[in-house]
$ cat structure08.cif   # mmCIF, C-alpha atoms and all ligand atoms
data_entry
#
loop_
_atom_site.label_atom_id
_atom_site.label_comp_id
_atom_site.auth_asym_id
_atom_site.auth_seq_id
_atom_site.Cartn_x
_atom_site.Cartn_y
_atom_site.Cartn_z
CA MET A 932 43.26 -15.47 -44.73
CA THR A 933 46.56 -17.19 -45.45
CA MET A 934 49.92 -15.94 -46.50
CA ILE A 935 51.68 -18.16 -48.94
CA LEU A 936 55.12 -18.06 -50.38
CA PRO A 937 54.74 -19.73 -53.72
CA THR A 938 57.61 -21.11 -55.71
CA PRO A 939 57.71 -19.62 -59.18
CA THR A 940 57.18 -22.18 -61.89
CA GLY A 941 60.35 -20.96 -63.52
CA SER A 942 59.69 -22.06 -67.04
CA SER A 943 57.97 -20.43 -69.95
CA SER A 944 57.27 -23.58 -71.89
CA VAL A 945 55.65 -26.63 -70.53
CA THR A 946 56.72 -29.98 -71.86
CA THR A 947 54.56 -32.61 -70.35
CA GLY A 948 55.18 -35.54 -72.67
CA GLU A 949 56.72 -38.80 -71.60
CA VAL A 950 60.40 -39.34 -72.12
CA ARG A 951 60.96 -40.81 -75.59
CA LEU A 952 64.69 -40.66 -75.98
CA THR A 953 67.09 -41.27 -73.14
CA VAL A 954 70.75 -40.66 -73.81
CA ARG A 955 73.30 -41.68 -71.20
CA ASN A 956 77.08 -41.28 -71.16
CA LEU A 957 77.19 -41.12 -74.90
CA ARG A 958 80.70 -40.73 -76.31
CA LYS A 959 82.34 -40.69 -79.70
CA VAL A 960 86.04 -40.75 -80.34
CA PHE A 961 87.47 -41.00 -83.81
CA ALA A 962 90.21 -43.60 -83.36
CA ASP A 963 90.91 -47.17 -84.47
CA ASP A 964 91.31 -48.10 -80.82
CA PRO A 965 88.93 -45.90 -78.83
CA LYS A 966 89.72 -47.44 -75.42
CA PRO A 967 92.52 -45.17 -74.14
CA ALA A 968 90.64 -42.05 -75.17
CA LEU A 969 87.40 -43.31 -73.60
CA ALA A 970 89.24 -44.10 -70.38
CA MET A 971 90.55 -40.54 -70.26
CA LEU A 972 87.13 -39.07 -70.98
CA ARG A 973 85.51 -41.14 -68.25
CA GLN A 974 88.01 -39.56 -65.85
CA GLY A 975 86.78 -36.15 -66.99
CA ALA A 976 89.57 -35.30 -69.44
CA THR A 977 88.77 -32.56 -71.93
CA LYS A 978 88.71 -32.96 -75.67
CA ALA A 979 91.87 -30.83 -75.87
CA GLU A 980 93.69 -33.05 -73.37
CA VAL A 981 92.79 -36.21 -75.30
CA LEU A 982 93.97 -34.64 -78.51
CA GLN A 983 97.21 -33.54 -76.94
CA ARG A 984 98.00 -36.80 -75.12
CA LEU A 985 96.74 -39.37 -77.64
CA ASN A 986 96.31 -37.38 -80.82
CA VAL A 987 92.72 -38.61 -80.98
CA ASN A 988 89.86 -36.41 -82.12
CA VAL A 989 86.91 -36.45 -79.74
CA GLY A 990 83.49 -35.90 -81.32
CA VAL A 991 81.49 -36.14 -78.11
CA ALA A 992 83.23 -36.33 -74.74
CA GLU A 993 80.04 -37.06 -72.81
CA ALA A 994 76.36 -36.40 -73.39
CA SER A 995 73.41 -37.37 -71.22
CA PHE A 996 69.90 -36.00 -71.65
CA ASP A 997 66.24 -36.96 -72.00
CA ILE A 998 63.95 -35.82 -74.78
CA ARG A 999 60.21 -35.86 -74.19
CA ALA A 1000 57.42 -36.64 -76.60
CA GLY A 1001 56.18 -33.56 -78.40
CA GLU A 1002 59.04 -31.25 -77.49
CA ILE A 1003 61.41 -29.32 -79.72
CA PHE A 1004 64.83 -29.96 -78.22
CA VAL A 1005 67.41 -27.59 -79.67
CA ILE A 1006 71.12 -28.33 -79.54
CA MET A 1007 73.39 -25.29 -79.76
CA GLY A 1008 77.10 -24.77 -79.57
CA LEU A 1009 80.13 -23.47 -81.43
CA SER A 1010 81.38 -25.14 -84.57
CA GLY A 1011 83.11 -28.39 -83.65
CA SER A 1012 81.39 -28.68 -80.25
CA GLY A 1013 79.84 -32.02 -81.25
CA LYS A 1014 76.26 -31.18 -82.22
CA SER A 1015 76.17 -33.11 -85.49
CA THR A 1016 77.98 -36.04 -83.93
CA VAL A 1017 75.36 -36.25 -81.18
CA ILE A 1018 72.36 -36.05 -83.50
CA ARG A 1019 73.92 -38.54 -85.93
CA MET A 1020 74.46 -41.01 -83.15
CA LEU A 1021 70.74 -40.88 -82.35
CA ASN A 1022 70.03 -42.75 -85.57
CA ARG A 1023 73.47 -44.38 -85.64
CA LEU A 1024 74.50 -42.62 -88.79
CA VAL A 1025 77.58 -42.24 -86.59
CA GLU A 1026 78.25 -45.33 -84.49
CA PRO A 1027 78.66 -44.40 -80.79
CA SER A 1028 81.94 -45.39 -79.12
CA GLU A 1029 80.02 -46.03 -75.92
CA GLY A 1030 76.84 -45.09 -74.11
CA GLU A 1031 73.14 -45.73 -74.24
CA ILE A 1032 70.43 -44.39 -76.52
CA ARG A 1033 67.01 -45.58 -75.47
CA LEU A 1034 64.00 -44.99 -77.66
CA ASP A 1035 60.82 -45.73 -75.73
CA GLY A 1036 62.99 -47.77 -73.38
CA ARG A 1037 64.74 -49.84 -76.06
CA ASP A 1038 68.50 -49.45 -76.37
CA LEU A 1039 69.19 -48.58 -80.00
CA THR A 1040 72.92 -49.14 -79.61
CA ARG A 1041 72.29 -52.85 -79.06
CA LEU A 1042 69.99 -53.43 -82.01
CA SER A 1043 71.17 -55.38 -85.03
CA ARG A 1044 71.37 -53.36 -88.23
CA SER A 1045 68.15 -54.85 -89.56
CA ASP A 1046 66.20 -54.21 -86.35
CA LEU A 1047 67.62 -50.72 -86.26
CA VAL A 1048 66.55 -50.06 -89.85
CA SER A 1049 62.99 -51.05 -89.13
CA VAL A 1050 62.84 -48.87 -85.99
CA LEU A 1051 64.28 -45.91 -87.89
CA ARG A 1052 61.93 -46.41 -90.80
CA ARG A 1053 58.96 -46.23 -88.52
CA ASP A 1054 60.09 -43.55 -86.10
CA MET A 1055 62.78 -41.22 -87.35
CA SER A 1056 63.45 -38.86 -90.22
CA MET A 1057 66.45 -36.62 -90.67
CA VAL A 1058 66.58 -33.22 -92.37
CA PHE A 1059 69.99 -31.91 -93.39
CA GLN A 1060 71.36 -28.44 -93.92
CA SER A 1061 72.33 -29.09 -97.51
CA PHE A 1062 68.94 -29.95 -98.88
CA ALA A 1063 70.31 -33.22 -100.23
CA LEU A 1064 67.76 -33.35 -103.03
CA LEU A 1065 68.23 -35.53 -106.08
CA PRO A 1066 68.63 -33.10 -109.01
CA ASN A 1067 67.11 -35.39 -111.62
CA ARG A 1068 63.94 -36.02 -109.72
CA THR A 1069 60.93 -33.78 -109.34
CA ALA A 1070 59.87 -32.26 -106.04
CA LEU A 1071 57.29 -35.02 -105.74
CA GLU A 1072 59.78 -37.80 -106.44
CA ASN A 1073 62.20 -36.23 -103.96
CA ALA A 1074 59.50 -36.00 -101.31
CA ALA A 1075 58.65 -39.65 -101.96
CA PHE A 1076 62.26 -40.79 -101.85
CA GLY A 1077 62.33 -42.00 -98.27
CA LEU A 1078 59.15 -43.99 -98.84
CA GLU A 1079 60.59 -45.52 -101.97
CA VAL A 1080 63.67 -46.64 -100.05
CA ALA A 1081 61.33 -48.09 -97.44
CA GLY A 1082 59.63 -50.13 -100.15
CA MET A 1083 56.22 -48.46 -100.19
CA PRO A 1084 54.21 -49.12 -103.37
CA ARG A 1085 54.28 -46.34 -105.94
CA ALA A 1086 50.68 -45.13 -105.78
CA GLN A 1087 50.70 -45.03 -102.03
CA ARG A 1088 53.96 -43.13 -101.74
CA ARG A 1089 52.76 -40.65 -104.36
CA THR A 1090 49.71 -39.88 -102.25
CA ALA A 1091 51.77 -39.52 -99.08
CA ALA A 1092 54.39 -37.34 -100.80
CA LEU A 1093 51.75 -35.09 -102.34
CA ALA A 1094 50.11 -34.63 -98.97
CA ALA A 1095 53.51 -33.73 -97.47
CA LEU A 1096 54.22 -31.23 -100.26
CA ASP A 1097 50.82 -29.73 -99.66
CA ARG A 1098 51.59 -29.31 -95.98
CA VAL A 1099 54.68 -27.24 -96.75
CA GLY A 1100 52.78 -25.20 -99.34
CA LEU A 1101 54.37 -26.70 -102.43
CA SER A 1102 51.69 -28.84 -104.05
CA ALA A 1103 51.72 -26.55 -107.11
CA TYR A 1104 55.40 -27.35 -107.61
CA ALA A 1105 55.20 -31.12 -107.43
CA ASP A 1106 56.49 -31.59 -110.99
CA ARG A 1107 59.33 -29.08 -110.77
CA TYR A 1108 62.96 -30.09 -110.52
CA PRO A 1109 65.15 -28.81 -107.63
CA GLY A 1110 67.06 -26.55 -110.04
CA GLU A 1111 63.83 -24.70 -110.76
CA LEU A 1112 63.14 -24.03 -107.10
CA SER A 1113 64.52 -21.34 -104.78
CA GLY A 1114 66.63 -22.32 -101.78
CA GLY A 1115 63.69 -21.93 -99.45
CA MET A 1116 61.50 -24.09 -101.66
CA GLN A 1117 64.20 -26.75 -101.84
CA GLN A 1118 64.39 -26.72 -98.06
CA ARG A 1119 60.62 -27.21 -97.97
CA VAL A 1120 60.97 -30.22 -100.24
CA GLY A 1121 63.56 -31.57 -97.81
CA LEU A 1122 61.09 -31.02 -95.00
CA ALA A 1123 58.31 -32.66 -97.01
CA ARG A 1124 60.54 -35.66 -97.58
CA ALA A 1125 60.96 -36.01 -93.84
CA LEU A 1126 57.26 -35.45 -93.18
CA ALA A 1127 56.12 -37.93 -95.83
CA LYS A 1128 57.31 -40.78 -93.64
CA ASN A 1129 55.15 -39.37 -90.88
CA PRO A 1130 57.92 -39.95 -88.36
CA THR A 1131 57.30 -39.53 -84.66
CA ILE A 1132 60.83 -38.14 -84.29
CA MET A 1133 62.53 -35.65 -86.59
CA LEU A 1134 66.23 -34.96 -86.46
CA MET A 1135 67.07 -31.62 -88.01
CA ASP A 1136 70.73 -30.67 -88.38
CA GLU A 1137 71.03 -26.96 -89.17
CA ALA A 1138 68.03 -27.52 -91.41
CA PHE A 1139 67.40 -23.81 -91.97
CA SER A 1140 70.92 -22.43 -91.79
CA ALA A 1141 71.42 -22.11 -95.53
CA LEU A 1142 68.36 -19.92 -95.92
CA ASP A 1143 68.36 -16.14 -95.96
CA PRO A 1144 66.89 -14.50 -92.87
CA LEU A 1145 63.34 -13.83 -94.11
CA ILE A 1146 62.83 -17.29 -95.58
CA ARG A 1147 64.43 -18.75 -92.54
CA ALA A 1148 61.95 -16.98 -90.25
CA ASP A 1149 59.20 -18.27 -92.53
CA MET A 1150 60.41 -21.83 -92.21
CA GLN A 1151 60.61 -21.51 -88.43
CA GLY A 1152 57.01 -20.35 -88.39
CA GLU A 1153 56.12 -23.24 -90.67
CA LEU A 1154 57.79 -25.73 -88.38
CA LEU A 1155 55.99 -24.32 -85.34
CA ARG A 1156 52.69 -24.45 -87.19
CA LEU A 1157 53.24 -28.08 -88.20
CA GLN A 1158 54.33 -28.85 -84.68
CA ARG A 1159 51.09 -27.49 -83.25
CA GLU A 1160 49.23 -29.99 -85.43
CA ASP A 1161 51.54 -32.99 -85.13
CA ALA A 1162 53.36 -32.66 -81.80
CA ARG A 1163 56.32 -34.68 -83.05
CA THR A 1164 59.49 -35.06 -81.06
CA ILE A 1165 62.04 -32.82 -82.76
CA VAL A 1166 65.77 -32.56 -82.20
CA PHE A 1167 66.93 -29.39 -83.91
CA ILE A 1168 70.51 -28.18 -84.22
CA SER A 1169 71.06 -24.49 -84.57
CA HIS A 1170 73.89 -21.98 -84.48
CA ASP A 1171 71.50 -19.14 -84.03
CA ALA A 1172 70.42 -17.93 -80.60
CA ASP A 1173 67.24 -16.26 -81.85
CA GLU A 1174 66.24 -19.37 -83.77
CA ALA A 1175 66.90 -21.54 -80.73
CA MET A 1176 64.90 -19.24 -78.47
CA ARG A 1177 62.01 -19.16 -80.89
CA LEU A 1178 61.75 -22.87 -81.55
CA ALA A 1179 62.92 -24.58 -78.40
CA ASP A 1180 60.97 -26.07 -75.58
CA ARG A 1181 64.38 -26.85 -74.15
CA ILE A 1182 67.91 -26.07 -75.25
CA ALA A 1183 71.10 -28.04 -74.72
CA VAL A 1184 74.25 -25.95 -75.11
CA MET A 1185 77.31 -27.94 -76.13
CA GLU A 1186 80.86 -26.91 -75.39
CA GLU A 1187 83.91 -28.94 -76.42
CA GLY A 1188 82.00 -32.18 -76.74
CA ARG A 1189 80.10 -31.85 -73.48
CA ILE A 1190 76.78 -30.37 -72.50
CA ALA A 1191 77.32 -27.10 -70.68
CA GLN A 1192 73.64 -26.56 -69.83
CA ILE A 1193 70.17 -27.88 -70.53
CA GLY A 1194 67.11 -25.81 -69.79
CA THR A 1195 64.12 -23.93 -71.12
CA PRO A 1196 64.95 -20.74 -73.02
CA ALA A 1197 63.77 -18.76 -70.00
CA GLU A 1198 65.91 -20.76 -67.57
CA ILE A 1199 68.98 -20.32 -69.72
CA LEU A 1200 68.39 -16.61 -70.23
CA ARG A 1201 67.74 -16.09 -66.54
CA SER A 1202 70.61 -18.14 -65.22
CA PRO A 1203 73.24 -19.17 -67.77
CA ALA A 1204 75.54 -21.87 -66.37
CA ASP A 1205 78.75 -20.12 -67.38
CA ASP A 1206 80.20 -17.35 -69.50
CA TYR A 1207 80.25 -19.56 -72.59
CA VAL A 1208 76.49 -20.04 -72.37
CA ARG A 1209 75.93 -16.41 -71.44
CA ALA A 1210 77.93 -15.25 -74.44
CA PHE A 1211 75.76 -17.32 -76.76
CA PHE A 1212 72.62 -15.49 -75.81
CA ARG A 1213 74.19 -12.08 -75.39
CA GLY A 1214 72.35 -10.49 -78.27
CA VAL A 1215 68.96 -11.99 -77.48
CA ASP A 1216 66.28 -9.55 -76.39
CA ALA A 1217 65.22 -10.98 -73.04
CA SER A 1218 62.34 -8.53 -72.63
CA ARG A 1219 60.68 -10.07 -75.67
CA LEU A 1220 61.26 -13.69 -74.69
CA LEU A 1221 60.78 -13.75 -70.96
CA ARG A 1222 57.36 -13.60 -69.46
CA ALA A 1223 56.20 -12.33 -66.10
CA ARG A 1224 56.20 -15.85 -64.65
CA ASP A 1225 59.84 -16.32 -65.59
CA LEU A 1226 60.95 -13.53 -63.28
CA ALA A 1227 58.37 -13.87 -60.53
CA GLN A 1228 59.95 -14.68 -57.18
CA PRO A 1229 58.42 -15.32 -53.78
CA PRO A 1230 57.86 -11.96 -52.09
CA GLY A 1231 60.66 -11.20 -49.72
CA SER A 1232 63.32 -12.92 -51.82
CA ALA A 1233 63.66 -9.85 -53.98
CA ALA A 1234 66.95 -8.54 -52.71
CA GLY A 1235 67.14 -4.95 -51.64
CA GLU A 1236 63.61 -4.03 -52.41
CA GLY A 1237 60.36 -4.00 -50.56
CA PHE A 1238 62.17 -3.97 -47.23
CA GLY A 1239 62.44 -1.34 -44.56
CA GLU A 1240 65.61 -0.14 -42.89
CA HIS A 1241 65.77 -3.10 -40.56
CA GLY A 1242 65.06 -5.75 -43.16
CA GLU A 1243 61.39 -6.06 -42.28
CA PRO A 1244 59.08 -6.41 -45.29
CA ARG A 1245 57.35 -3.15 -46.20
CA PHE A 1246 54.66 -4.95 -48.18
CA ARG A 1247 52.67 -8.09 -47.72
CA TYR A 1248 50.94 -9.88 -50.54
CA ARG A 1249 47.59 -11.19 -49.42
CA THR A 1250 46.03 -14.33 -50.77
CA ASP A 1251 42.91 -16.21 -49.77
CA GLY A 1252 42.68 -19.84 -48.74
CA ALA A 1253 42.63 -20.95 -52.38
CA GLY A 1254 45.82 -19.04 -53.14
CA LEU A 1255 44.01 -16.33 -55.09
CA PHE A 1256 45.62 -12.92 -55.04
CA ARG A 1257 43.72 -10.44 -52.89
CA GLY A 1258 45.89 -7.35 -52.79
CA VAL A 1259 48.97 -5.72 -51.30
CA VAL A 1260 49.26 -4.51 -47.76
CA ALA A 1261 51.72 -1.78 -46.90
CA THR A 1262 53.04 -2.45 -43.43
CA GLY A 1263 54.18 0.45 -41.28
CA ARG A 1264 57.42 0.72 -39.29
CA ALA A 1265 57.64 -1.94 -36.62
CA GLY A 1266 55.48 -0.91 -33.72
CA ASP A 1267 53.13 1.60 -35.30
CA GLY A 1268 50.85 -1.14 -36.61
CA ALA A 1269 49.49 0.93 -39.48
CA THR A 1270 48.60 -1.06 -42.57
CA ALA A 1271 46.91 -0.09 -45.77
CA LEU A 1272 45.64 -2.19 -48.58
CA PHE A 1273 46.09 -0.60 -51.94
CA GLY A 1274 44.56 -1.67 -55.19
CA LEU A 1275 47.47 -2.57 -57.41
CA GLU A 1276 46.56 -4.29 -60.65
CA PRO A 1277 48.60 -7.54 -60.77
CA ALA A 1278 50.44 -8.61 -63.93
CA ASP A 1279 49.33 -11.60 -65.97
CA ALA A 1280 51.86 -14.45 -65.64
CA ASP A 1281 52.02 -14.83 -69.42
CA ALA A 1282 52.59 -11.15 -70.15
CA PRO A 1283 55.86 -10.55 -71.99
CA LEU A 1284 58.36 -8.70 -69.87
CA GLN A 1285 58.47 -5.96 -72.46
CA SER A 1286 54.89 -5.01 -71.68
CA LEU A 1287 55.67 -4.71 -67.96
CA LEU A 1288 58.76 -2.53 -67.89
CA GLY A 1289 56.83 0.67 -67.14
CA ARG A 1290 54.63 -0.96 -64.53
CA VAL A 1291 57.49 -2.54 -62.63
CA ALA A 1292 59.30 0.80 -62.68
CA ALA A 1293 56.27 2.76 -61.49
CA ALA A 1294 54.83 0.38 -58.90
CA PRO A 1295 55.44 1.38 -55.28
CA CYS A 1296 56.26 -2.25 -54.44
CA PRO A 1297 57.48 -5.32 -56.38
CA LEU A 1298 54.76 -6.05 -58.95
CA PRO A 1299 52.50 -9.01 -58.10
CA VAL A 1300 52.03 -11.65 -60.79
CA VAL A 1301 48.97 -13.88 -61.07
CA GLU A 1302 47.83 -16.78 -63.22
CA ALA A 1303 44.82 -16.33 -65.50
CA ASP A 1304 42.67 -17.89 -62.77
CA GLY A 1305 43.90 -15.37 -60.22
CA ARG A 1306 46.38 -17.59 -58.39
CA PHE A 1307 49.30 -15.67 -56.95
CA VAL A 1308 52.60 -16.59 -58.64
CA GLY A 1309 55.07 -14.19 -57.03
CA VAL A 1310 56.44 -10.70 -57.50
CA ILE A 1311 58.80 -8.92 -59.88
CA SER A 1312 61.13 -6.43 -58.26
CA ARG A 1313 62.95 -3.70 -60.10
CA ALA A 1314 66.21 -5.39 -59.16
CA ALA A 1315 65.16 -8.71 -60.72
CA LEU A 1316 63.98 -6.93 -63.85
CA LEU A 1317 67.20 -5.01 -64.28
CA ALA A 1318 69.29 -8.12 -63.66
CA ALA A 1319 67.37 -9.99 -66.36
CA LEU A 1320 67.76 -7.19 -68.89
CA ASP A 1321 71.39 -6.53 -68.01
CA ARG A 1322 72.71 -10.01 -68.94
CA GLY A 1323 74.25 -8.83 -72.18
CA ALA A 1324 76.20 -5.98 -70.70
CA SER A 1325 77.63 -7.97 -67.81
CA ALA A 1326 78.59 -10.83 -70.11
CA GLU A 1327 80.55 -8.37 -72.21
CA VAL A 1328 82.39 -7.02 -69.20
CA ARG A 1329 83.29 -10.50 -68.03
CA HIS A 1330 84.67 -11.39 -71.41
CA GLY A 1331 86.88 -8.33 -71.18
N1 LIG B 1401 84.46 -38.40 -89.30
C1 LIG B 1401 85.20 -37.72 -88.44
N2 LIG B 1401 86.49 -38.02 -88.22
C2 LIG B 1401 87.25 -37.35 -87.34
N3 LIG B 1401 86.79 -36.34 -86.59
C3 LIG B 1401 85.51 -35.99 -86.75
C4 LIG B 1401 84.64 -36.64 -87.67
N4 LIG B 1401 83.42 -36.07 -87.59
C5 LIG B 1401 83.51 -35.11 -86.67
N5 LIG B 1401 84.76 -35.05 -86.16
C6 LIG B 1401 85.22 -34.13 -85.10
O1 LIG B 1401 84.30 -34.17 -84.04
C7 LIG B 1401 84.17 -32.88 -83.48
C8 LIG B 1401 82.70 -32.51 -83.49
O2 LIG B 1401 82.26 -32.36 -84.82
P1 LIG B 1401 80.74 -32.06 -85.18
O3 LIG B 1401 80.62 -32.15 -86.65
O4 LIG B 1401 79.87 -32.91 -84.36
O5 LIG B 1401 80.61 -30.55 -84.69
P2 LIG B 1401 79.40 -29.55 -84.87
O6 LIG B 1401 79.11 -29.03 -83.49
O7 LIG B 1401 78.29 -30.18 -85.61
O8 LIG B 1401 80.06 -28.38 -85.70
P3 LIG B 1401 79.39 -27.46 -86.87
O9 LIG B 1401 78.64 -26.41 -86.13
O10 LIG B 1401 80.61 -26.90 -87.55
O11 LIG B 1401 78.56 -28.31 -87.74
C9 LIG B 1401 85.04 -31.95 -84.30
O12 LIG B 1401 86.23 -31.76 -83.60
C10 LIG B 1401 85.29 -32.72 -85.57
O13 LIG B 1401 86.54 -32.41 -86.09
MG MG B 1402 77.39 -29.81 -87.47
#

$ encode --input "structure08.cif" --output "structure tokens"
Amino acid sequence: MTMILPTPTGSSSVTTGEVRLTVRNLRKVFADDPKPALAMLRQGATKAEVLQRLNVNVGVAEASFDIRAGEIFVIMGLSGSGKSTVIRMLNRLVEPSEGEIRLDGRDLTRLSRSDLVSVLRRDMSMVFQSFALLPNRTALENAAFGLEVAGMPRAQRRTAALAALDRVGLSAYADRYPGELSGGMQQRVGLARALAKNPTIMLMDEAFSALDPLIRADMQGELLRLQREDARTIVFISHDADEAMRLADRIAVMEEGRIAQIGTPAEILRSPADDYVRAFFRGVDASRLLRARDLAQPPGSAAGEGFGEHGEPRFRYRTDGAGLFRGVVATGRAGDGATALFGLEPADADAPLQSLLGRVAAAPCPLPVVEADGRFVGVISRAALLAALDRGASAEVRHG
């Protein structure tokens, strides 16, 4: 028999794809001569300091991140924090002032316009918040627009556009004009237009923000459904914490032109980097989003619980040689040697926290968590549970 102290995996979503986009030290300043502002930013100056000293508006002070194949990477942040500027630099709709953007290892910032255009044609589509549909063209013609610009023959682009409309549930509306469609339907046409190109990367800037809440939730579900089939690489900008939490494999939170934190939704909920990040997710219901594995800690690290008067552990979590959970042992006071194994049903690592509140509260010891195959993941203490659920309240206090 072996005792192991496993490290919790610490993430609710697994993104295993290779890195597709690498962004390093990307900056954008809006000035005829960007050099002085860039020099300040490299020294760590804030956007406000550059504005004050040089009267130059900074779009992005510094951004570095990797995006992996098949992941939905959500960028969040207050208005003016630089989200659109970042995403628009990825396809050079906005020309970076400096920095690297590598797509599959190739630096896009160094490509000639014509090389860039051919890369973008093959790999990237962008979906905007304003649906940006052409009013005098039908849904089908709008969906085919990107292909037309790319020079695809008519019959072929018609087939591709129809297939894309079908995928967003609009094939019956192919001959309708945008004015005859609801906002949600127009947004679907915008999505179909992006899909018709069959891009490996989709850039979506507040794509669903103009929709009312029910249709918006619908579109999020639609995107997740499509994503299960296609596994594209998606960069998605959102203002909305719930939307970000629902869609994201990972989230980057932007603050004043810099990235305040990058992490999985669970990582960010569990340990926000600062009060700005914490405030963003204040209203999010952590018990719905976090799973048992997100809170599981090695036994013994759960502060203030499961320990006797003298700091000795009151419980031991037994595993076999293969790391499979075998049960909990209650250890007696030092010296008396009494131990008892009790049959406590462990929690499934993927169980939503919400379903475990009662069990964590009622269990005599921190609740053990196991993988589906029985491997021991760690334990959830009452203290850890309360801390996770209490984020909102403490954030409020800190913000006074
Ligand atoms: N063309 C431009 N000229 C000058 N300043 C600009 C330009 N475009 C953006 N900016 C500035 O860059 C900063 C970042 O703007 P950006 O549009 O990227 O923000 P955002 O996070 O997308 O905001 P929102 O949530 O309102 O869309 C802002 O201070 C903005 O004023
Ligand atoms: Mg924007």

$ residues_around --input "structure08.cif" --residues "Ala1303 of chain A" --least-positions-apart "6" --cutoff "10 Å" --atoms "all atoms listed in the file" --output "ChimeraX atom specification"
/A:1278-1281

$ residues_near_ligand --input "structure08.cif" --ligand "ligand LIG 1401 (chain B)" --cutoff "9 Å" --atoms "all atoms listed in the file" --output "ChimeraX atom specification"
/A:959-962,978,987-991,1006-1019,1025,1136-1137,1168-1170,1185-1188

$ write_last_selection --input "structure08.cif" --atoms "C-alpha atoms" --output "tab-separated table (two decimals), in the coordinates of the input"
chain	number	residue	atom	x	y	z
A	959	LYS	CA	82.34	-40.69	-79.70
A	960	VAL	CA	86.04	-40.75	-80.34
A	961	PHE	CA	87.47	-41.00	-83.81
A	962	ALA	CA	90.21	-43.60	-83.36
A	978	LYS	CA	88.71	-32.96	-75.67
A	987	VAL	CA	92.72	-38.61	-80.98
A	988	ASN	CA	89.86	-36.41	-82.12
A	989	VAL	CA	86.91	-36.45	-79.74
A	990	GLY	CA	83.49	-35.90	-81.32
A	991	VAL	CA	81.49	-36.14	-78.11
A	1006	ILE	CA	71.12	-28.33	-79.54
A	1007	MET	CA	73.39	-25.29	-79.76
A	1008	GLY	CA	77.10	-24.77	-79.57
A	1009	LEU	CA	80.13	-23.47	-81.43
A	1010	SER	CA	81.38	-25.14	-84.57
A	1011	GLY	CA	83.11	-28.39	-83.65
A	1012	SER	CA	81.39	-28.68	-80.25
A	1013	GLY	CA	79.84	-32.02	-81.25
A	1014	LYS	CA	76.26	-31.18	-82.22
A	1015	SER	CA	76.17	-33.11	-85.49
A	1016	THR	CA	77.98	-36.04	-83.93
A	1017	VAL	CA	75.36	-36.25	-81.18
A	1018	ILE	CA	72.36	-36.05	-83.50
A	1019	ARG	CA	73.92	-38.54	-85.93
A	1025	VAL	CA	77.58	-42.24	-86.59
A	1136	ASP	CA	70.73	-30.67	-88.38
A	1137	GLU	CA	71.03	-26.96	-89.17
A	1168	ILE	CA	70.51	-28.18	-84.22
A	1169	SER	CA	71.06	-24.49	-84.57
A	1170	HIS	CA	73.89	-21.98	-84.48
A	1185	MET	CA	77.31	-27.94	-76.13
A	1186	GLU	CA	80.86	-26.91	-75.39
A	1187	GLU	CA	83.91	-28.94	-76.42
A	1188	GLY	CA	82.00	-32.18	-76.74

$ atom_distance --input "structure08.cif" --atom1 "atom CA of Leu1039 of chain A" --atom2 "atom CA of Arg1181 of chain A"
23.0 Å

$ residues_around --input "structure08.cif" --residues "Glu1079 of chain A" --least-positions-apart "5" --cutoff "8 Å" --atoms "only C-alpha atoms" --output "JSON, numbers by chain"
{"A": [1084, 1085, 1088]}

$ closest_residue --input "structure08.cif" --among "A:Leu1221, A:Val1291, A:Leu952, A:Leu1142" --to "Met1055 of chain A" --atoms "all atoms listed in the file"
A:Leu952

$ closest_residue --input "structure08.cif" --among "A:Thr1069, A:Gln1192, A:Asn1022, A:Gln1060" --to "ligand MG 1402 (chain B)" --atoms "all atoms listed in the file"
A:Gln1060

$ residues_around --input "structure08.cif" --residues "Ala1125 of chain A" --least-positions-apart "5" --cutoff "9 Å" --atoms "all atoms listed in the file" --output "ChimeraX atom specification"
/A:1055-1058,1074,1077,1095,1120,1130,1133

$ atom_distance --input "structure08.cif" --atom1 "atom CA of Gly1152 of chain A" --atom2 "atom CA of Ser1113 of chain A"
18.1 Å

$ atom_distance --input "structure08.cif" --atom1 "atom CA of Arg958 of chain A" --atom2 "atom MG of ligand MG 1402 (chain B)"
16.0 Å

$ closest_residue --input "structure08.cif" --among "A:Phe1059, A:Ile1199, A:Met1150, A:Arg1219" --to "ligand MG 1402 (chain B)" --atoms "only C-alpha atoms and all ligand atoms"
A:Phe1059

$ decode --input "structure08.cif" --residues "segment 1036-1051 of chain A" --atoms "C-alpha atoms" --output "compact mmCIF listing (two decimals), in the first residue's frame"
# COMPACT_ATOMS: atom_id res chain seq x y z
CA GLY A 1036 5.58 29.26 -36.96
CA ARG A 1037 5.44 31.86 -39.75
CA ASP A 1038 5.67 35.51 -38.73
CA LEU A 1039 2.65 37.24 -40.25
CA THR A 1040 4.02 40.69 -39.47
CA ARG A 1041 6.82 40.12 -41.98
CA LEU A 1042 4.69 38.87 -44.86
CA SER A 1043 4.11 41.02 -47.92
CA ARG A 1044 0.52 42.09 -48.44
CA SER A 1045 -0.02 39.52 -51.17
CA ASP A 1046 1.44 36.64 -49.14
CA LEU A 1047 -0.61 37.78 -46.18
CA VAL A 1048 -3.80 37.84 -48.25
CA SER A 1049 -3.29 34.29 -49.40
CA VAL A 1050 -2.59 33.06 -45.85
CA LEU A 1051 -5.67 34.86 -44.54
